[in-house]
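The block underneath contains the structure these notes are about, expressed in structure tokens.
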Amino acid sequence: MEPLVGAKKEKNMEFIDLKRQYQRMKGEIDQALASVVKSGRFILGEPVRRLEEELAGFVGVPEAIGVSSGTDGLLLSLMALDVRPGEEIITTPFTFIATAEVISLLGARVVFADIDPQTYNLDPAAVEEVVRARRARGKLRGIIAVSLFGQCADLDALTEVAEEAGLFLIEDACQSLGATYKGRPSGGITELAVTSFFPAKPLGAYGDGGMIFCRHQGLGARLRALRVHGQRERYRHEEIGLNARLDALQAAVLLVKLKHFPQEIALRQHWAKAYDQRLAKISPVTPPFIAPGNTSVFAQYSIRVPERDALARYLKERGIPTAIHYPVPLHLQPAFASLGYRQGDFPVAEAVSQEILSLPFHPYLTQEEIELVAGAIEDFFALGT
């Protein structure tokens, strides 16, 4: 699957062009969807079983459990680990709310630690400092490390901190499926990891969906029960669970896309490099930093730039969409006001949130579109807008 060359220029670019992807796979996807509809079996079933098997092999774990969303995957993981009200889970303030939200939903307490200024992932040194400060309370249970924007967090360093303190470590791999960390696949490094199949993700469905990766088969059996109301056999409920099943239509779409996924990862890396080369000439722009030993699937291509909001407006006027991932760190969100954090508590996350800007990005970009975006950014700074 080669990069598109000479594609017709559209009046307005798509931030993520899922229509181009569908046209590439239309025959396969239509056939897969029709097969499920013809079968009349829409919940779990053979497509889900096959997807679980293939993705378990892809990341190198014994078990993969298909679920209804990445959020539900994180929630189920905490439930399977028996997280209780009042216990404390450390995570990042610079991510989508779901990571911290699931902690609060179980009555546990979110404890934030600041991020690395280059990768924007949890800073292991900051996590270690939080562990030292709170260890005497005796309430720390675990760490959820987000592998943000497509590259893994520093999982070895975080594992060392977790093991020393007797904490569990979950990788939130909702943006990083297909990435590697020191040669190991995201999702297959920690005891539990979760990914998302939201349509905009590198491996996206046509609706919500997710997968839990589990290195412990006994825990895998519990997770399978928890996703179906705590049921291990029909109408026998051993514990309270959720309705959190992956449906067959989404699994069918994902099985098609998974066949093309390695090629799409290569295309993502190709276009990220093209952006890097073009933006290197624009001194105010800080392109994504990929840590040594990491590969990224570039769930987003996010730059740091001064005058971020003015640049976003300038690009929008020229038909170039952008997004901000994420404009308000979680510790400053109204939903977490009760935690008592204040402006200045996590200065790196706060600084990044003021300068981060995601540019149009997907596997089916063209060089013409890269030039259009980069040229507009160049013009913005040349004009001193």
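Note on naming: chains are A, B, ... as they come in the structure tokens, residues start from 1 per chain, ligands start from 1 in the order shown.
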Worksheet item: Within 9 Å of Arg318 (chain A), counting only C-alpha atoms, which residues qualify if same-chain residues fewer than 4 places away don't, as a list in words?
Response: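 Listing them by chain and then by number gives Asn12, Arg313, Tyr314 and Ala376 of chain A.
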Worksheet item: So which residues of region 40-104 of chain A fall under helix (DSSP H, G or I) by DSSP, listed as number ranges by chain?
Response: A: 46-59, 70-80, 98-104
Discussion item. Need the shell around region 75-81 of chain A: protein/DNA/RNA residues with any atom at most 7 Å away, counting only C-alpha atoms. Skip same-chain ones fewer than 5 positions apart. Format as a count of residues only?
Written reply: 5
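When only C-alpha atoms are used to compute distances to Glu163 (chain A), the closest of the residues A:Val131, A:Ala225, A:Ala136, A:Leu357 turns out to be A:Val131.
If you measure from each of A:Thr190, A:Ser353, A:Gln23, A:Gln300 to Val328 (chain A) using only C-alpha atoms, the closest one turns out to be A:Ser353.
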Fill in: Spatial neighbours of Ala100 (chain A), max dist 12 Å, only C-alpha atoms, sep filter under 6 positions, as a VMD selection string
chain A and resid 71 74 to 75 78 88 to 94 106 to 113 143 to 146 172 329 to 331 333 335 to 336 339
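Considering the residues A:Ile115, A:Ala125, A:Cys214, A:Ile16 and counting only C-alpha atoms, Gly188 (chain A) has its shortest atom-to-atom contact with A:Cys214.
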Discussion item. So that I can see what lies close to Gly204 (chain A), please list as a list in words the residues with an atom at most 10 Å from it, counting only C-alpha atoms and leaving out residues fewer than 6 positions away in the same chain.
Written reply: Leu18, Ser196, Phe197, Phe198, Gly210, Gln250, Val253, Leu254, Lys257 and Leu258 of chain A
Fill in: Counting only C-alpha atoms, the residue of A:Glu52, A:Asp156, A:Glu371, A:Glu307 that sits nearest Ile320 (chain A)
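Among the listed residues, the smallest separation from Ile320 (chain A) belongs to A:Glu371.
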Fill in: Filtered DSSP result for region 40-225 of chain A, state strand (DSSP E), as a PyMOL selection string
chain A and resi 63-67+88-91+109-112+140-146+168-172+180-181+184-185+192-196+210-214
Take the residues from that selection and put them in a file with C-alpha atoms, as a PDB file, in the first residue's frame.
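Result written to out-v3.pdb:
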ATOM      1  CA  GLU A  63      -5.002 -13.323  26.259  1.00  0.00           C
ATOM      2  CA  ALA A  64      -6.825 -10.426  24.650  1.00  0.00           C
ATOM      3  CA  ILE A  65     -10.359  -9.572  25.743  1.00  0.00           C
ATOM      4  CA  GLY A  66     -12.577  -7.545  23.425  1.00  0.00           C
ATOM      5  CA  VAL A  67     -14.606  -4.845  25.148  1.00  0.00           C
ATOM      6  CA  GLU A  88      -4.845   5.888  45.288  1.00  0.00           C
ATOM      7  CA  ILE A  89      -3.833   5.472  41.633  1.00  0.00           C
ATOM      8  CA  ILE A  90      -1.106   7.619  40.059  1.00  0.00           C
ATOM      9  CA  THR A  91      -1.544   8.832  36.504  1.00  0.00           C
ATOM     10  CA  ARG A 109      -8.471   8.711  44.393  1.00  0.00           C
ATOM     11  CA  VAL A 110      -6.625  10.095  41.388  1.00  0.00           C
ATOM     12  CA  VAL A 111      -3.069  11.196  42.167  1.00  0.00           C
ATOM     13  CA  PHE A 112      -1.322  13.095  39.400  1.00  0.00           C
ATOM     14  CA  LEU A 140      -1.236   3.704  46.980  1.00  0.00           C
ATOM     15  CA  ARG A 141      -2.322   0.787  44.770  1.00  0.00           C
ATOM     16  CA  GLY A 142      -1.093   1.375  41.263  1.00  0.00           C
ATOM     17  CA  ILE A 143      -0.009   3.443  38.277  1.00  0.00           C
ATOM     18  CA  ILE A 144      -1.726   3.958  34.935  1.00  0.00           C
ATOM     19  CA  ALA A 145       0.854   5.080  32.377  1.00  0.00           C
ATOM     20  CA  VAL A 146      -0.543   6.582  29.179  1.00  0.00           C
ATOM     21  CA  PHE A 168       0.495  -2.547  39.807  1.00  0.00           C
ATOM     22  CA  LEU A 169       1.260  -0.867  36.467  1.00  0.00           C
ATOM     23  CA  ILE A 170      -1.283  -0.651  33.643  1.00  0.00           C
ATOM     24  CA  GLU A 171      -0.357   0.699  30.221  1.00  0.00           C
ATOM     25  CA  ASP A 172      -3.082   2.861  28.719  1.00  0.00           C
ATOM     26  CA  THR A 180       7.347  -0.518  20.140  1.00  0.00           C
ATOM     27  CA  TYR A 181       9.417   0.135  23.257  1.00  0.00           C
ATOM     28  CA  ARG A 184       8.725  -4.846  22.551  1.00  0.00           C
ATOM     29  CA  PRO A 185       5.170  -4.107  21.399  1.00  0.00           C
ATOM     30  CA  LEU A 192      -2.459  -5.433  31.908  1.00  0.00           C
ATOM     31  CA  ALA A 193      -2.790  -2.994  29.018  1.00  0.00           C
ATOM     32  CA  VAL A 194      -5.761  -1.484  27.233  1.00  0.00           C
ATOM     33  CA  THR A 195      -6.254  -0.105  23.744  1.00  0.00           C
ATOM     34  CA  SER A 196      -9.118   1.729  22.059  1.00  0.00           C
ATOM     35  CA  GLY A 210     -11.516  -1.685  22.862  1.00  0.00           C
ATOM     36  CA  MET A 211      -9.234  -4.542  23.868  1.00  0.00           C
ATOM     37  CA  ILE A 212      -7.616  -5.567  27.144  1.00  0.00           C
ATOM     38  CA  PHE A 213      -4.264  -7.346  26.886  1.00  0.00           C
ATOM     39  CA  CYS A 214      -3.555  -9.687  29.759  1.00  0.00           C
TER      40      CYS A 214
END
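Counting only C-alpha atoms and comparing A:Ala323, A:Lys201, A:Gly220, A:Glu317, the residue that lies closest to Arg268 (chain A) is A:Lys201.
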Item to complete: Using only C-alpha atoms, determine which residues lie at most 9 Å from Asp116 (chain A), disregarding the query and same-chain residues fewer than 3 positions distant; provide the list as a list in words.
Response: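 Once the adjacent positions are removed, what remains is Thr119, Tyr120, Asn121, Leu122, Asp123, Pro124, Ala126, Val348 and Ala349 of chain A.
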May I have the residues within 10 Å of Ser35 (chain A) as a PDB file with all heavy atoms, in the first residue's frame, using only C-alpha atoms and disregarding those fewer than 5 positions away in the same chain?
ATOM      1  N   ILE A  29     -14.215  -4.579   3.463  1.00  0.00           N
ATOM      2  CA  ILE A  29     -15.044  -4.169   4.596  1.00  0.00           C
ATOM      3  C   ILE A  29     -16.518  -4.461   4.324  1.00  0.00           C
ATOM      4  O   ILE A  29     -17.235  -4.988   5.186  1.00  0.00           O
ATOM      5  CB  ILE A  29     -14.817  -2.683   4.921  1.00  0.00           C
ATOM      6  CG1 ILE A  29     -13.438  -2.506   5.574  1.00  0.00           C
ATOM      7  CG2 ILE A  29     -15.917  -2.152   5.849  1.00  0.00           C
ATOM      8  CD1 ILE A  29     -13.032  -1.079   5.832  1.00  0.00           C
ATOM      9  N   ASP A  30     -16.978  -4.141   3.130  1.00  0.00           N
ATOM     10  CA  ASP A  30     -18.377  -4.411   2.800  1.00  0.00           C
ATOM     11  C   ASP A  30     -18.689  -5.902   2.918  1.00  0.00           C
ATOM     12  O   ASP A  30     -19.748  -6.296   3.430  1.00  0.00           O
ATOM     13  CB  ASP A  30     -18.690  -3.926   1.388  1.00  0.00           C
ATOM     14  CG  ASP A  30     -18.714  -2.402   1.283  1.00  0.00           C
ATOM     15  OD1 ASP A  30     -18.611  -1.730   2.332  1.00  0.00           O
ATOM     16  OD2 ASP A  30     -18.828  -1.892   0.147  1.00  0.00           O
ATOM     17  N   GLY A  40     -26.587 -13.137  11.446  1.00  0.00           N
ATOM     18  CA  GLY A  40     -27.559 -12.809  12.483  1.00  0.00           C
ATOM     19  C   GLY A  40     -26.999 -12.840  13.889  1.00  0.00           C
ATOM     20  O   GLY A  40     -27.748 -12.740  14.861  1.00  0.00           O
ATOM     21  N   ARG A  41     -25.674 -12.925  14.039  1.00  0.00           N
ATOM     22  CA  ARG A  41     -25.036 -12.974  15.364  1.00  0.00           C
ATOM     23  C   ARG A  41     -24.192 -11.717  15.524  1.00  0.00           C
ATOM     24  O   ARG A  41     -23.157 -11.573  14.874  1.00  0.00           O
ATOM     25  CB  ARG A  41     -24.182 -14.230  15.493  1.00  0.00           C
ATOM     26  CG  ARG A  41     -24.989 -15.513  15.323  1.00  0.00           C
ATOM     27  CD  ARG A  41     -24.136 -16.744  15.525  1.00  0.00           C
ATOM     28  NE  ARG A  41     -23.671 -16.852  16.896  1.00  0.00           N
ATOM     29  CZ  ARG A  41     -22.887 -17.847  17.332  1.00  0.00           C
ATOM     30  NH1 ARG A  41     -22.475 -18.787  16.497  1.00  0.00           N
ATOM     31  NH2 ARG A  41     -22.512 -17.882  18.598  1.00  0.00           N
ATOM     32  N   LEU A 249     -19.907  -6.681  14.522  1.00  0.00           N
ATOM     33  CA  LEU A 249     -19.707  -5.796  13.377  1.00  0.00           C
ATOM     34  C   LEU A 249     -18.395  -5.027  13.504  1.00  0.00           C
ATOM     35  O   LEU A 249     -17.642  -4.888  12.524  1.00  0.00           O
ATOM     36  CB  LEU A 249     -20.884  -4.824  13.248  1.00  0.00           C
ATOM     37  CG  LEU A 249     -22.184  -5.417  12.710  1.00  0.00           C
ATOM     38  CD1 LEU A 249     -23.336  -4.443  12.929  1.00  0.00           C
ATOM     39  CD2 LEU A 249     -22.057  -5.760  11.226  1.00  0.00           C
ATOM     40  N   ALA A 252     -15.480  -7.358  12.914  1.00  0.00           N
ATOM     41  CA  ALA A 252     -15.318  -7.681  11.494  1.00  0.00           C
ATOM     42  C   ALA A 252     -14.561  -6.580  10.758  1.00  0.00           C
ATOM     43  O   ALA A 252     -13.678  -6.854   9.927  1.00  0.00           O
ATOM     44  CB  ALA A 252     -16.693  -7.907  10.861  1.00  0.00           C
TER      45      ALA A 252
END
Practice prompt. Quick one: pull the distance between CA of Ala272 (chain A) and CA of Val297 (chain A), Å, one decimal.
Written response: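 Between CA of Ala272 (chain A) and CA of Val297 (chain A) the gap is 9.3 Å.
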Discussion item. Report, in Å to a single decimal, how far apart CA of Ala32 (chain A) and CA of Arg227 (chain A) are.
Written reply: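 Pair CA of Arg227 (chain A) / CA of Ala32 (chain A) returns 24.5 Å.
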